[in-house]
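Colleague: Sending over my_file39.cif (mmCIF, C-alpha atoms).
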data_model
loop_
_atom_site.label_atom_id
_atom_site.label_comp_id
_atom_site.auth_asym_id
_atom_site.auth_seq_id
_atom_site.Cartn_x
_atom_site.Cartn_y
_atom_site.Cartn_z
CA MET J 1 -7.35 -31.47 -26.57
CA LYS J 2 -6.47 -34.11 -24.03
CA HIS J 3 -4.43 -33.30 -20.91
CA SER J 4 -2.71 -35.76 -18.68
CA ILE J 5 -3.57 -35.66 -14.98
CA LYS J 6 -0.10 -34.25 -14.28
CA THR J 7 -0.64 -31.40 -16.79
CA THR J 8 -4.08 -30.68 -15.32
CA VAL J 9 -2.63 -30.52 -11.80
CA ILE J 10 0.12 -28.15 -12.96
CA LEU J 11 -2.39 -25.89 -14.74
CA PHE J 12 -4.63 -25.87 -11.65
CA ALA J 13 -1.68 -25.00 -9.38
CA LEU J 14 -0.71 -22.14 -11.69
CA ALA J 15 -4.29 -20.86 -11.71
CA ILE J 16 -4.52 -20.99 -7.91
CA SER J 17 -1.17 -19.23 -7.44
CA SER J 18 -2.15 -16.47 -9.87
CA ILE J 19 -5.52 -16.07 -8.14
CA SER J 20 -3.91 -15.72 -4.72
CA PHE J 21 -1.39 -13.26 -6.16
CA ALA J 22 -4.22 -11.28 -7.73
CA GLN J 23 -5.96 -11.11 -4.36
CA ASP J 24 -2.85 -9.51 -2.85
CA LYS J 25 -2.61 -6.95 -5.67
CA LYS J 26 -6.23 -5.88 -5.21
CA ALA J 27 -5.81 -4.71 -1.61
CA ASN J 28 -2.16 -3.61 -1.81
CA ASN J 29 -0.43 -1.13 -4.07
CA ILE J 30 2.56 -3.35 -4.87
CA ASP J 31 4.84 -3.83 -7.84
CA ASN J 32 5.46 -7.14 -9.61
CA SER J 33 7.96 -8.13 -6.88
CA ASN J 34 5.32 -7.54 -4.15
CA ILE J 35 7.25 -4.50 -2.91
CA ALA J 36 5.05 -1.93 -1.19
CA LEU J 37 5.45 1.84 -1.02
CA GLN J 38 7.82 1.80 -4.01
CA GLY J 39 10.53 0.74 -1.55
CA TYR J 40 9.97 3.58 0.93
CA SER J 41 10.08 2.78 4.64
CA PRO J 42 6.70 2.66 6.41
CA VAL J 43 8.47 3.36 9.71
CA SER J 44 10.00 6.58 8.35
CA TYR J 45 6.56 7.89 7.39
CA LEU J 46 4.98 7.23 10.75
CA ASP J 47 7.80 7.68 13.26
CA LEU J 48 9.86 10.39 11.54
CA GLY J 49 7.26 12.11 9.35
CA ILE J 50 9.52 11.88 6.30
CA ALA J 51 9.69 9.78 3.15
CA GLN J 52 12.87 7.69 3.11
CA LYS J 53 13.81 5.03 0.59
CA GLY J 54 14.50 1.74 2.33
CA LEU J 55 17.36 -0.62 1.57
CA LYS J 56 17.16 -4.17 0.23
CA GLU J 57 19.27 -5.51 3.08
CA TYR J 58 16.60 -4.37 5.56
CA LYS J 59 13.45 -5.92 4.21
CA SER J 60 10.57 -7.71 5.84
CA GLU J 61 7.55 -9.55 4.53
CA HIS J 62 4.08 -9.22 6.02
CA ASN J 63 1.05 -10.98 4.47
CA LYS J 64 3.04 -11.67 1.27
CA VAL J 65 3.90 -7.98 0.88
CA VAL J 66 7.54 -6.82 1.08
CA TYR J 67 8.54 -3.66 2.94
CA TYR J 68 11.98 -2.00 2.95
CA PHE J 69 13.53 -0.08 5.86
CA THR J 70 16.46 2.28 6.34
CA ASP J 71 18.14 0.21 9.06
CA ALA J 72 17.85 -2.85 11.31
CA GLU J 73 16.12 -0.86 14.06
CA GLN J 74 13.27 0.18 11.75
CA LYS J 75 12.90 -3.40 10.51
CA LYS J 76 12.68 -4.63 14.11
CA LYS J 77 10.04 -2.00 15.00
CA PHE J 78 7.93 -3.03 12.02
CA GLU J 79 8.20 -6.75 12.74
CA LYS J 80 7.18 -6.16 16.36
CA ASN J 81 3.93 -4.40 15.33
CA PRO J 82 3.38 -4.50 11.54
CA SER J 83 -0.27 -3.40 11.60
CA LYS J 84 0.78 -0.09 13.19
CA TYR J 85 2.97 0.71 10.19
CA LEU J 86 0.81 -0.42 7.28
CA PRO J 87 -0.23 2.38 4.92
CA GLN J 88 -3.86 3.40 4.82
CA TYR J 89 -5.86 1.96 1.91
CA GLY J 90 -3.17 -0.54 0.99
CA GLY J 91 -0.85 2.28 -0.06
CA PHE J 92 -3.22 3.68 -2.70
CA CYS J 93 -3.97 7.41 -2.93
CA ALA J 94 -6.24 8.39 -0.01
CA PHE J 95 -8.05 11.06 -2.03
CA GLY J 96 -8.62 8.57 -4.84
CA VAL J 97 -10.17 6.11 -2.38
CA TYR J 98 -12.32 8.94 -1.01
CA ALA J 99 -13.46 9.59 -4.61
CA GLY J 100 -14.08 5.87 -5.20
CA ALA J 101 -11.03 4.81 -7.23
CA LYS J 102 -7.51 3.46 -6.78
CA PHE J 103 -4.52 5.49 -7.91
CA ARG J 104 -0.81 4.98 -7.36
CA PRO J 105 0.50 7.77 -5.14
CA ASP J 106 3.74 9.69 -5.21
CA PRO J 107 5.61 8.27 -2.18
CA ASN J 108 6.78 11.79 -1.29
CA LYS J 109 3.22 13.13 -0.96
CA PHE J 110 1.74 12.06 2.36
CA ILE J 111 0.12 13.22 5.57
CA VAL J 112 0.60 11.73 9.03
CA LYS J 113 -2.43 12.17 11.29
CA ASP J 114 -3.91 10.30 14.26
CA GLY J 115 -1.12 7.69 14.23
CA LYS J 116 -1.66 6.80 10.55
CA TYR J 117 -0.22 7.92 7.26
CA PHE J 118 -2.04 8.63 4.04
CA LEU J 119 -0.42 8.75 0.60
CA TYR J 120 -1.48 10.92 -2.36
CA LEU J 121 -1.32 11.04 -6.13
CA TYR J 122 0.77 13.84 -7.55
CA ASN J 123 1.44 14.64 -11.20
CA LEU J 124 1.47 17.65 -13.52
CA GLU J 125 -2.32 17.85 -13.53
CA LEU J 126 -3.29 16.86 -10.00
CA ASP J 127 -2.02 17.31 -6.46
CA ALA J 128 -4.38 15.07 -4.47
CA GLN J 129 -2.72 15.99 -1.16
CA GLN J 130 -3.68 19.64 -1.71
CA LEU J 131 -7.24 18.62 -2.63
CA TRP J 132 -7.46 16.64 0.63
CA LEU J 133 -6.11 19.53 2.68
CA ALA J 134 -8.38 22.06 0.92
CA GLU J 135 -11.44 20.13 2.12
CA ASN J 136 -10.34 20.95 5.68
CA ASP J 137 -12.31 18.03 7.11
CA HIS J 138 -9.94 15.09 7.62
CA LYS J 139 -12.47 13.14 9.70
CA LYS J 140 -15.18 13.34 7.01
CA LEU J 141 -12.75 12.42 4.22
CA VAL J 142 -11.42 9.42 6.18
CA GLY J 143 -14.97 8.27 7.00
CA THR J 144 -15.96 8.27 3.33
CA ALA J 145 -12.63 6.75 2.25
CA ASN J 146 -12.99 3.97 4.83
CA THR J 147 -16.48 3.15 3.55
CA ASN J 148 -15.27 3.15 -0.07
CA TRP J 149 -12.20 1.06 0.82
CA SER J 150 -14.37 -1.74 2.19
CA LYS J 151 -15.55 -2.26 -1.42
CA LEU J 152 -12.47 -1.12 -3.36
CA LYS J 153 -10.01 -3.42 -1.58
CA ASN J 154 -11.66 -6.38 -3.32
CA THR J 155 -11.45 -4.90 -6.84
CA TYR J 156 -8.76 -4.01 -9.34
CA ASN J 157 -10.20 -0.50 -9.30
#
Translate this structure into C-alpha cells?

Modeller:
Amino acid sequence: MKHSIKTTVILFALAISSISFAQDKKANNIDNSNIALQGYSPVSYLDLGIAQKGLKEYKSEHNKVVYYFTDAEQKKKFEKNPSKYLPQYGGFCAFGVYAGAKFRPDPNKFIVKDGKYFLYLYNLELDAQQLWLAENDHKKLVGTANTNWSKLKNTYN
C-alpha cells in the first residue's frame, strides 16, 4: 500500500496527538473530554471540605486537564495556584494507589489532610475510604502510595 507524503504526515500527526493524549490519561483520572474529578470542584474539596459539582461556565484548564468550579471566585483561586488544588494521585483512588493499582473513585468519598485531598473508590463491595481510615496510619499509607504513584502515573494501570 502506497501513501502520499500528505497522507503519511496526517497519519503521523494523528499518532502523535493520540500519544500525547494517552500520556495525559495515564497520570490523570479524566473522562474523554479531559474533565477531571467528574466535574467536581477541586477548590470545594480543599477549602470547604465538601464535594460540590462545578459548573461549565466556571471552568479552567491546567496541563490539558479541565476542572470545573462552583463560581468565579473558586476559578480565580485555582488559576492563581493550581498545584495547591490538584487531587492526589491524579484523582485516582488513594487506597488503590497504595495497593498498587488505579481505580476511579467516588467523588463524594474523600479525606482532606495536611493541605491535600485524597479520593476513594466506593461501591457495593468496597469502601476504600473506610479501609484507609481503618489502617489508622495516614503517614505510612501516603508514603507507600507516593512510592507506588511514581511508577503508576506512567501506566494505564

Colleague: Please evaluate the PyMOL selection byres ((chain J and resi 124-126) around 12) against the structure above and give the resulting residues as number ranges by chain.

Modeller: J: 93, 95-96, 103, 105-106, 109, 120-123, 127-132

Colleague: Which residues, named as in the file, does the PyMOL selection byres ((chain J and resi 115) around 12) pick out? Answer as a PyMOL selection string.

Modeller: chain J and resi 43+45-49+83-88+111-114+116-118

Colleague: Any chance you could work out the residue set of the PyMOL selection byres ((chain J and resi 92) around 6) here, as a list of chain:residue names?

Modeller: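 Residues picked by the PyMOL selection byres ((chain J and resi 92) around 6): J:Asn29, J:Tyr89, J:Gly90, J:Gly91, J:Cys93, J:Lys102, J:Phe103, J:Arg104.
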
Colleague: Take atom CA of Tyr156 of chain J and atom CA of Ile50 of chain J and report the distance between them in Å, one decimal.

Modeller: 28.8 Å

Colleague: Suppose you want the space between atom CA of Val97 of chain J and atom CA of Leu119 of chain J; what is it in Å?

Modeller: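 Straight-line distance from atom CA of Val97 of chain J to atom CA of Leu119 of chain J works out to 10.5 Å.
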
Colleague: Would you compute the distance between atom CA of Pro107 of chain J and atom CA of Lys139 of chain J? Give it in Å to one decimal.

Modeller: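 Computing it gives 22.2 Å between the two atoms.
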
Colleague: With all atoms listed in the file as the basis for distance, which of J:Lys53, J:Lys153, J:His138, J:Lys77 is at the shortest distance from Gly39 of chain J?

Modeller: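 Residue with the minimum atom-to-atom distance to Gly39 of chain J: J:Lys53.
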
Colleague: Which residue out of J:Asn154, J:Gly100, J:Asp71, J:Glu57 has the minimum interatomic distance to Leu141 of chain J when only C-alpha atoms are used?

Modeller: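 The shortest atom-to-atom distance to Leu141 of chain J comes from J:Gly100.
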